[in-house]
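Remarks on the structure that follows.
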Amino acid sequence: MSSTRVLVLNSGSSSVKYQLLDMRDSSRLAVGLVERIGEETSRLKHTPLASGGESRERTGPIADHEAALKAVAEELANDGLGLDSPELAAIGHRVVHGGKLFTAPTVIDSAVLAEIERLIPVAPLHNPANLTGIRTAQALRPDLPQVAVFDTAFHTTMPESAARYAIDVKTADEHRIRRYGFHGTSHAYVSRATAKLLGKAPEDVNVIVLHLGNGASASAVRGGKCVDTSMGLTPLEGLVMGTRSGDMDPAVIFHLMRVGKMSTDEIDTLLNKKSGLIGLCGDNDMREIRRRIDEGDEEAQLAFDIYIHRLKKYIGAYYAVLGRVDAVAFTAGVGENAGPVREAAVAGLEELGLAVDGALNAVRGEEPRLISPAHARVAVAVVPTDEELEIATQTYALVGQ
Ligand code: AMP
């Protein structure tokens with residue numbers, strides 16, 4: 001029997017998202033999520049797509065990642081899709097930080113694990129959870145290839161001029177401070193899907209990708225390779241996000257320490273969890289913000305305007321970085337669903353060849369689609385991202401037969 005299935009695991013600090021795919025046709029056999037791991041109110045939601053079955057839910061305490069993965073394995077086994085199946089070719093793990101070293105998906109061995117661990121100081125929230133997911137999966141299926149697909153890998157093609165911060169070189173090198181960028185799996189997938197939508201090869205197009213989810217990042221992709229991206233050493237830099245500030249004067253931090261008497265951890269929490277849209281108006285969900293704007297809420301309007309202003313600045317900046325732009329692609333929760341964000345982001349950029357057709361922008365759908373007027377100089381597109389499929393594809397390309 002040939003092994004054509006790939007299990008994709010995305011392990012967060014208190015959650016595990018998973019998908020089982022059959023790579024013969026990239027179909028999803030099962031998808032699910034375990035959340036609130038370590039709490040009394042843990043929840044596992046499992047949907048067996050292959051059998052067309054109903055979603056199943058388990059609630060009650062799931063102590064740790066090991067218990068979570070065991071519960072997932074049981075659910076899969078109930079559908080005849082158990083992890084012991086010879087049809088399972090590999091497990092692909094999303095790993096947030098791969099530093100400078102990992103430029104491509106990598107089969108995990110002890111040296112790879114050690115390097116992911118060494119990167120914990122630059123990804124303290126994410127890499128430990130990713131490591132736990134890998135180790136637990138290895139314990140369940142020690143014989144199976146496990147592949148790390150890094151969020152940073154797509155951005156390792158950035159030139160030094162884009163990747164380096166203008167700070168003392170010795171200090172930067174000692175502490176490995178540089179722009180790494182994140183959401184790379186999404187930027188890679190969407191930039192390629194955009195080229196396909198235009199009927200061209202990735203090598204022949206320049207794309208600005210706007211990944212606008214709860215976390216948000218922009219990238220400039222020239223001929224299929226990333227040349228700049230908005231997130232930096234950590235996912236805090238760049239665009240206004242759901243709960244993160246994005247760009248600001250770094251001196252705000254000294255000011256908060258010296259004058260506001262805030263601790264490092266308090267400032268970290270402020271900028272990562274209590275800023276961005278939620279800090280500006282108390283909501284981080286764009287649907288809610290739009291609803292409030294429709295009711296005349298000025299606070300929500302200002303939060304929206306700040307969000308759009310930053311987005312527009314990045315479009316302009318990456319236009320300049322690329323010189324020639326073939327397409328601007330919107331993706332992720334906000335990018336795929338919020339027509340008003342797309343319209344406002346390119347409003348007034350007609351001189352750059354950018355515009356949105358109102359009727360096309362109002363169309364909803366799952367497929368990649370153009371929303372720019374016919375004959376526009378630059379295509380504006382909505383391109384749904386699919387990070388799990390991309391992780392599965394990269395994993396299978398490495399280990400499948
Ligand atoms: P993601 O991180 O890609 O899952 O995106 C999540 C975010 O997408 C949510 O916080 C919302 O702000 C946004 N979102 C999801 N659906 C919609 C929608 N229909 N309209 C506007 N924003 C949406």
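The way I read the labels, and the way they are meant: chains A, B, ... in the order of the structure tokens, residue 1 as the first residue of every chain, and ligand 1 as the first ligand shown, with later ones counted on from there.
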
Exercise. Neighbours of ligand 1 within 6 Å, counting only C-alpha atoms and all ligand atoms, as a ChimeraX atom specification?
Worked result: /A:213-215,284-287,332-334,337-338

Store the residues picked out above in a file with N, CA and C atoms, as an mmCIF file, in the first residue's frame.
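result-v8.cif, freshly written:
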data_model
loop_
_atom_site.group_PDB
_atom_site.id
_atom_site.type_symbol
_atom_site.label_atom_id
_atom_site.label_comp_id
_atom_site.auth_asym_id
_atom_site.auth_seq_id
_atom_site.Cartn_x
_atom_site.Cartn_y
_atom_site.Cartn_z
ATOM 1 N N GLY A 213 -4.783 38.837 8.869
ATOM 2 C CA GLY A 213 -5.599 38.030 9.781
ATOM 3 C C GLY A 213 -5.602 38.718 11.125
ATOM 4 N N ASN A 214 -5.705 37.961 12.201
ATOM 5 C CA ASN A 214 -5.562 38.592 13.506
ATOM 6 C C ASN A 214 -4.120 39.090 13.638
ATOM 7 N N GLY A 215 -3.155 38.255 13.227
ATOM 8 C CA GLY A 215 -1.798 38.738 12.964
ATOM 9 C C GLY A 215 -1.775 39.206 11.515
ATOM 10 N N ASN A 284 -11.068 43.510 18.326
ATOM 11 C CA ASN A 284 -10.058 43.139 17.337
ATOM 12 C C ASN A 284 -10.663 42.403 16.150
ATOM 13 N N ASP A 285 -11.964 42.231 16.170
ATOM 14 C CA ASP A 285 -12.609 41.541 15.047
ATOM 15 C C ASP A 285 -13.130 42.580 14.050
ATOM 16 N N MET A 286 -12.630 42.482 12.816
ATOM 17 C CA MET A 286 -12.977 43.486 11.809
ATOM 18 C C MET A 286 -14.486 43.535 11.539
ATOM 19 N N ARG A 287 -15.168 42.395 11.699
ATOM 20 C CA ARG A 287 -16.637 42.399 11.506
ATOM 21 C C ARG A 287 -17.308 43.335 12.497
ATOM 22 N N ALA A 332 -6.024 35.901 4.069
ATOM 23 C CA ALA A 332 -6.329 35.655 5.509
ATOM 24 C C ALA A 332 -7.673 36.289 5.891
ATOM 25 N N GLY A 333 -8.066 36.084 7.170
ATOM 26 C CA GLY A 333 -9.423 36.411 7.618
ATOM 27 C C GLY A 333 -9.953 37.762 7.173
ATOM 28 N N VAL A 334 -9.179 38.817 7.384
ATOM 29 C CA VAL A 334 -9.621 40.157 6.995
ATOM 30 C C VAL A 334 -9.471 40.335 5.477
ATOM 31 N N ASN A 337 -12.139 38.469 3.499
ATOM 32 C CA ASN A 337 -13.562 38.716 3.780
ATOM 33 C C ASN A 337 -13.985 40.170 3.856
ATOM 34 N N ALA A 338 -13.052 41.065 4.139
ATOM 35 C CA ALA A 338 -13.455 42.449 4.409
ATOM 36 C C ALA A 338 -13.264 43.329 3.178
#

For this session: Find the spatial neighbours of Leu131 (chain A), counting only C-alpha atoms, within a cut-off of 8 Å - ignore same-chain residues fewer than 5 positions away - and output them as JSON, numbers by chain.
Result: {"A": [113, 116, 117]}

Problem set entry | Test item: residues at most 9 Å from Leu119 (chain A), only C-alpha atoms, excluding those fewer than 5 positions along its chain, as a VMD selection string | chain A and resid 97 to 99 114 124 127

Problem set entry | A:Ala104, A:Leu9, A:Leu352, A:Val169 ranked by distance to Gly92 (chain A), top pick (using only C-alpha atoms) | A:Leu9

For this session: Show which residues sit within 9 Å of Ser13 (chain A), as JSON, numbers by chain. Count only C-alpha atoms, and ignore same-chain residues fewer than 3 positions away.
Result: {"A": [16, 37, 65, 125, 126, 128, 129, 130]}

For this session: Pull the strand (DSSP E) assignments for region 173-344 of chain A out of DSSP run on the backbone, and list those residues as a PyMOL selection string.
Result: chain A and resi 206-212+216-222+225-229+327-331

Selected residues written out with N, CA, C and O atoms, as an mmCIF file, in the first residue's frame:
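Output file again_22.cif is given in full below:
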data_model
loop_
_atom_site.group_PDB
_atom_site.id
_atom_site.type_symbol
_atom_site.label_atom_id
_atom_site.label_comp_id
_atom_site.auth_asym_id
_atom_site.auth_seq_id
_atom_site.Cartn_x
_atom_site.Cartn_y
_atom_site.Cartn_z
ATOM 1 N N ASN A 206 5.838 40.052 -10.084
ATOM 2 C CA ASN A 206 6.145 40.719 -8.819
ATOM 3 C C ASN A 206 4.826 40.957 -8.083
ATOM 4 O O ASN A 206 3.894 41.530 -8.647
ATOM 5 N N VAL A 207 4.782 40.499 -6.839
ATOM 6 C CA VAL A 207 3.514 40.542 -6.102
ATOM 7 C C VAL A 207 3.720 41.173 -4.725
ATOM 8 O O VAL A 207 4.718 40.891 -4.044
ATOM 9 N N ILE A 208 2.776 42.018 -4.330
ATOM 10 C CA ILE A 208 2.713 42.463 -2.929
ATOM 11 C C ILE A 208 1.635 41.613 -2.270
ATOM 12 O O ILE A 208 0.477 41.626 -2.707
ATOM 13 N N VAL A 209 2.024 40.823 -1.274
ATOM 14 C CA VAL A 209 1.063 39.965 -0.569
ATOM 15 C C VAL A 209 0.701 40.628 0.759
ATOM 16 O O VAL A 209 1.589 40.994 1.544
ATOM 17 N N LEU A 210 -0.597 40.777 0.993
ATOM 18 C CA LEU A 210 -1.080 41.363 2.249
ATOM 19 C C LEU A 210 -1.828 40.283 3.012
ATOM 20 O O LEU A 210 -2.972 39.957 2.686
ATOM 21 N N HIS A 211 -1.149 39.700 3.992
ATOM 22 C CA HIS A 211 -1.755 38.651 4.828
ATOM 23 C C HIS A 211 -2.380 39.368 6.023
ATOM 24 O O HIS A 211 -1.679 39.787 6.950
ATOM 25 N N LEU A 212 -3.705 39.534 5.979
ATOM 26 C CA LEU A 212 -4.398 40.310 7.010
ATOM 27 C C LEU A 212 -5.312 39.396 7.804
ATOM 28 O O LEU A 212 -6.463 39.159 7.428
ATOM 29 N N ALA A 216 -0.959 40.192 11.187
ATOM 30 C CA ALA A 216 -0.967 40.694 9.807
ATOM 31 C C ALA A 216 0.449 41.007 9.351
ATOM 32 O O ALA A 216 1.254 41.522 10.130
ATOM 33 N N SER A 217 0.733 40.683 8.086
ATOM 34 C CA SER A 217 2.041 41.039 7.540
ATOM 35 C C SER A 217 1.942 41.233 6.041
ATOM 36 O O SER A 217 1.063 40.675 5.387
ATOM 37 N N ALA A 218 2.865 42.056 5.532
ATOM 38 C CA ALA A 218 2.947 42.313 4.099
ATOM 39 C C ALA A 218 4.279 41.774 3.598
ATOM 40 O O ALA A 218 5.246 41.704 4.368
ATOM 41 N N SER A 219 4.324 41.375 2.334
ATOM 42 C CA SER A 219 5.617 41.015 1.773
ATOM 43 C C SER A 219 5.711 41.476 0.334
ATOM 44 O O SER A 219 4.695 41.614 -0.360
ATOM 45 N N ALA A 220 6.954 41.745 -0.079
ATOM 46 C CA ALA A 220 7.246 42.095 -1.469
ATOM 47 C C ALA A 220 7.937 40.888 -2.085
ATOM 48 O O ALA A 220 8.986 40.458 -1.589
ATOM 49 N N VAL A 221 7.324 40.334 -3.126
ATOM 50 C CA VAL A 221 7.834 39.093 -3.712
ATOM 51 C C VAL A 221 8.206 39.357 -5.177
ATOM 52 O O VAL A 221 7.343 39.693 -5.993
ATOM 53 N N ARG A 222 9.496 39.235 -5.456
ATOM 54 C CA ARG A 222 9.966 39.478 -6.833
ATOM 55 C C ARG A 222 10.320 38.150 -7.489
ATOM 56 O O ARG A 222 11.199 37.429 -7.020
ATOM 57 N N LYS A 225 10.451 35.172 -5.219
ATOM 58 C CA LYS A 225 11.320 35.222 -4.026
ATOM 59 C C LYS A 225 11.007 36.456 -3.189
ATOM 60 O O LYS A 225 10.861 37.562 -3.720
ATOM 61 N N CYS A 226 10.971 36.243 -1.878
ATOM 62 C CA CYS A 226 10.677 37.359 -0.980
ATOM 63 C C CYS A 226 11.866 38.320 -0.938
ATOM 64 O O CYS A 226 13.005 37.906 -0.721
ATOM 65 N N VAL A 227 11.590 39.621 -1.127
ATOM 66 C CA VAL A 227 12.665 40.615 -1.028
ATOM 67 C C VAL A 227 12.452 41.579 0.140
ATOM 68 O O VAL A 227 13.356 42.359 0.475
ATOM 69 N N ASP A 228 11.280 41.551 0.747
ATOM 70 C CA ASP A 228 11.065 42.347 1.962
ATOM 71 C C ASP A 228 9.780 41.875 2.624
ATOM 72 O O ASP A 228 8.862 41.387 1.952
ATOM 73 N N THR A 229 9.724 42.039 3.940
ATOM 74 C CA THR A 229 8.495 41.694 4.650
ATOM 75 C C THR A 229 8.382 42.553 5.899
ATOM 76 O O THR A 229 9.381 43.073 6.404
ATOM 77 N N ALA A 327 0.800 42.468 -9.246
ATOM 78 C CA ALA A 327 -0.427 42.190 -8.500
ATOM 79 C C ALA A 327 -0.265 42.527 -7.029
ATOM 80 O O ALA A 327 0.826 42.440 -6.465
ATOM 81 N N VAL A 328 -1.398 42.919 -6.447
ATOM 82 C CA VAL A 328 -1.507 43.041 -4.987
ATOM 83 C C VAL A 328 -2.524 41.997 -4.562
ATOM 84 O O VAL A 328 -3.647 41.970 -5.083
ATOM 85 N N ALA A 329 -2.128 41.100 -3.648
ATOM 86 C CA ALA A 329 -3.012 39.991 -3.262
ATOM 87 C C ALA A 329 -3.401 40.118 -1.795
ATOM 88 O O ALA A 329 -2.538 40.237 -0.923
ATOM 89 N N PHE A 330 -4.698 40.097 -1.549
ATOM 90 C CA PHE A 330 -5.223 40.134 -0.180
ATOM 91 C C PHE A 330 -5.541 38.718 0.274
ATOM 92 O O PHE A 330 -6.190 37.961 -0.455
ATOM 93 N N THR A 331 -5.122 38.389 1.511
ATOM 94 C CA THR A 331 -5.424 37.050 2.015
ATOM 95 C C THR A 331 -5.638 37.062 3.529
ATOM 96 O O THR A 331 -5.490 38.090 4.174
#

For this session: Could you give me, as a ChimeraX atom specification, the residues within 10 Å of Gln146 (chain A), counting only C-alpha atoms and dropping anything in the same chain fewer than 2 positions from it?
Result: /A:6-8,89-93,106-109,134-135,137-138,141-144,148-149,395,399

Using N, CA, C and O atoms, can you export the residues from the last selection as a compact mmCIF listing (two decimals), in the first residue's frame?
# COMPACT_ATOMS: atom_id res chain seq x y z
N VAL A 6 -0.68 12.80 4.75
CA VAL A 6 0.18 13.64 5.58
C VAL A 6 -0.67 14.26 6.68
O VAL A 6 -1.75 14.80 6.40
N LEU A 7 -0.20 14.15 7.91
CA LEU A 7 -0.86 14.83 9.02
C LEU A 7 -0.13 16.14 9.27
O LEU A 7 1.10 16.15 9.43
N VAL A 8 -0.86 17.23 9.26
CA VAL A 8 -0.26 18.55 9.52
C VAL A 8 -0.62 18.96 10.95
O VAL A 8 -1.80 18.95 11.32
N ALA A 89 2.26 8.94 5.45
CA ALA A 89 3.63 9.06 4.94
C ALA A 89 4.51 9.89 5.87
O ALA A 89 5.72 9.64 5.98
N ALA A 90 3.92 10.87 6.54
CA ALA A 90 4.74 11.78 7.36
C ALA A 90 3.84 12.69 8.17
O ALA A 90 2.64 12.79 7.91
N ILE A 91 4.46 13.33 9.14
CA ILE A 91 3.78 14.39 9.88
C ILE A 91 4.53 15.69 9.58
O ILE A 91 5.76 15.75 9.70
N GLY A 92 3.79 16.70 9.15
CA GLY A 92 4.40 18.01 8.87
C GLY A 92 4.05 18.97 10.00
O GLY A 92 2.88 19.11 10.35
N HIS A 93 5.06 19.59 10.58
CA HIS A 93 4.84 20.50 11.70
C HIS A 93 5.07 21.94 11.28
O HIS A 93 6.10 22.24 10.65
N THR A 106 12.46 20.78 6.45
CA THR A 106 13.59 19.95 6.89
C THR A 106 13.09 18.73 7.65
O THR A 106 12.23 18.87 8.52
N VAL A 107 13.62 17.56 7.30
CA VAL A 107 13.29 16.36 8.06
C VAL A 107 13.92 16.51 9.45
O VAL A 107 15.09 16.87 9.58
N ILE A 108 13.12 16.24 10.47
CA ILE A 108 13.56 16.53 11.84
C ILE A 108 14.42 15.39 12.39
O ILE A 108 14.00 14.23 12.38
N ASP A 109 15.62 15.76 12.84
CA ASP A 109 16.46 14.82 13.60
C ASP A 109 16.91 15.55 14.86
O ASP A 109 16.45 16.67 15.13
N ILE A 134 6.24 18.38 18.30
CA ILE A 134 7.11 17.46 17.56
C ILE A 134 7.48 16.26 18.44
O ILE A 134 7.38 15.11 18.02
N ARG A 135 7.91 16.54 19.67
CA ARG A 135 8.36 15.45 20.55
C ARG A 135 7.22 14.48 20.84
O ARG A 135 7.41 13.27 20.87
N ALA A 137 4.59 13.89 18.94
CA ALA A 137 4.30 13.12 17.71
C ALA A 137 5.38 12.06 17.49
O ALA A 137 5.07 10.94 17.07
N GLN A 138 6.63 12.41 17.79
CA GLN A 138 7.71 11.43 17.63
C GLN A 138 7.50 10.23 18.57
O GLN A 138 7.75 9.09 18.20
N ARG A 141 4.76 8.00 17.01
CA ARG A 141 5.18 7.27 15.80
C ARG A 141 6.68 7.49 15.57
O ARG A 141 7.07 8.25 14.67
N PRO A 142 7.54 6.81 16.36
CA PRO A 142 8.99 7.06 16.26
C PRO A 142 9.56 6.73 14.88
O PRO A 142 10.59 7.27 14.48
N ASP A 143 8.90 5.84 14.16
CA ASP A 143 9.43 5.40 12.86
C ASP A 143 9.08 6.34 11.72
O ASP A 143 9.61 6.23 10.62
N LEU A 144 8.17 7.26 11.95
CA LEU A 144 7.61 8.07 10.86
C LEU A 144 8.43 9.35 10.62
O LEU A 144 8.83 10.00 11.58
N ALA A 148 9.74 19.65 9.60
CA ALA A 148 9.48 21.01 10.11
C ALA A 148 9.35 21.95 8.91
O ALA A 148 10.22 21.97 8.04
N VAL A 149 8.23 22.67 8.88
CA VAL A 149 8.03 23.68 7.83
C VAL A 149 8.02 25.03 8.56
O VAL A 149 7.15 25.28 9.40
N THR A 395 5.87 18.96 2.87
CA THR A 395 6.27 17.75 3.61
C THR A 395 6.32 16.56 2.67
O THR A 395 7.28 15.79 2.65
N VAL A 399 9.34 13.85 1.59
CA VAL A 399 9.42 12.45 2.06
C VAL A 399 8.51 11.48 1.31
O VAL A 399 8.63 10.27 1.50

Problem set entry | Which of region 47-237 of chain A fall in alpha helix (DSSP H), as a PyMOL selection string | chain A and resi 65-78+110-118+127-140+160-163+169-174+184-197

Problem set entry | Residue neighbourhood Val190 (chain A), 8 Å, only C-alpha atoms, exclusion window fewer than 3 positions, as a ChimeraX atom specification | /A:186-187,193-194,209,329,331,383-385

Save out the residues we just selected, all heavy atoms, as a compact mmCIF listing (two decimals), in the first residue's frame.
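Writing done, so here's out.txt:
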# COMPACT_ATOMS: atom_id res chain seq x y z
N SER A 186 2.30 31.15 4.21
CA SER A 186 1.17 31.80 3.55
C SER A 186 1.65 32.71 2.42
O SER A 186 1.10 32.69 1.31
CB SER A 186 0.37 32.61 4.58
OG SER A 186 -0.67 33.31 3.95
N HIS A 187 2.68 33.50 2.67
CA HIS A 187 3.19 34.39 1.62
C HIS A 187 3.66 33.58 0.40
O HIS A 187 3.45 33.98 -0.75
CB HIS A 187 4.31 35.28 2.16
CG HIS A 187 3.81 36.37 3.06
ND1 HIS A 187 3.22 37.52 2.60
CD2 HIS A 187 3.78 36.47 4.41
CE1 HIS A 187 2.86 38.29 3.61
NE2 HIS A 187 3.20 37.67 4.74
N ALA A 193 -0.02 31.27 -5.93
CA ALA A 193 -1.40 31.17 -6.40
C ALA A 193 -1.80 32.43 -7.19
O ALA A 193 -2.60 32.35 -8.13
CB ALA A 193 -2.34 30.96 -5.21
N THR A 194 -1.22 33.56 -6.83
CA THR A 194 -1.53 34.80 -7.55
C THR A 194 -0.95 34.73 -8.97
O THR A 194 -1.61 35.11 -9.94
CB THR A 194 -0.96 36.02 -6.79
OG1 THR A 194 -1.47 36.00 -5.46
CG2 THR A 194 -1.35 37.32 -7.46
N VAL A 209 2.02 40.82 -1.27
CA VAL A 209 1.06 39.97 -0.57
C VAL A 209 0.70 40.63 0.76
O VAL A 209 1.59 40.99 1.54
CB VAL A 209 1.64 38.55 -0.30
CG1 VAL A 209 0.62 37.70 0.46
CG2 VAL A 209 2.04 37.87 -1.60
N ALA A 329 -2.13 41.10 -3.65
CA ALA A 329 -3.01 39.99 -3.26
C ALA A 329 -3.40 40.12 -1.80
O ALA A 329 -2.54 40.24 -0.92
CB ALA A 329 -2.31 38.66 -3.50
N THR A 331 -5.12 38.39 1.51
CA THR A 331 -5.42 37.05 2.01
C THR A 331 -5.64 37.06 3.53
O THR A 331 -5.49 38.09 4.17
CB THR A 331 -4.31 36.06 1.62
OG1 THR A 331 -4.78 34.73 1.83
CG2 THR A 331 -3.04 36.27 2.46
N VAL A 383 -6.92 36.15 -2.69
CA VAL A 383 -6.37 34.81 -2.87
C VAL A 383 -6.39 34.09 -1.52
O VAL A 383 -5.52 34.31 -0.67
CB VAL A 383 -4.93 34.88 -3.43
CG1 VAL A 383 -4.36 33.48 -3.63
CG2 VAL A 383 -4.90 35.66 -4.73
N PRO A 384 -7.42 33.26 -1.28
CA PRO A 384 -7.49 32.57 0.01
C PRO A 384 -6.21 31.78 0.29
O PRO A 384 -5.70 31.07 -0.58
CB PRO A 384 -8.69 31.63 -0.15
CG PRO A 384 -9.55 32.33 -1.16
CD PRO A 384 -8.58 32.96 -2.13
N THR A 385 -5.72 31.93 1.50
CA THR A 385 -4.49 31.22 1.86
C THR A 385 -4.84 29.80 2.32
O THR A 385 -5.99 29.52 2.68
CB THR A 385 -3.70 31.98 2.95
OG1 THR A 385 -2.41 31.41 3.07
CG2 THR A 385 -4.41 31.97 4.31

Problem set entry | region 238-253 of chain A environment, 9 Å, only C-alpha atoms, sequence neighbours closer than 2 positions dropped, as a ChimeraX atom specification | /A:212-218,229-232,235-236,255-258,264,267,270-279,283-286,306-308,310-311,314

Exercise. What is the CA of Gly323 (chain A) to CA of Phe150 (chain A) distance in Å?
Worked result: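 Calculated distance between CA of Gly323 (chain A) and CA of Phe150 (chain A) is 28.3 Å.
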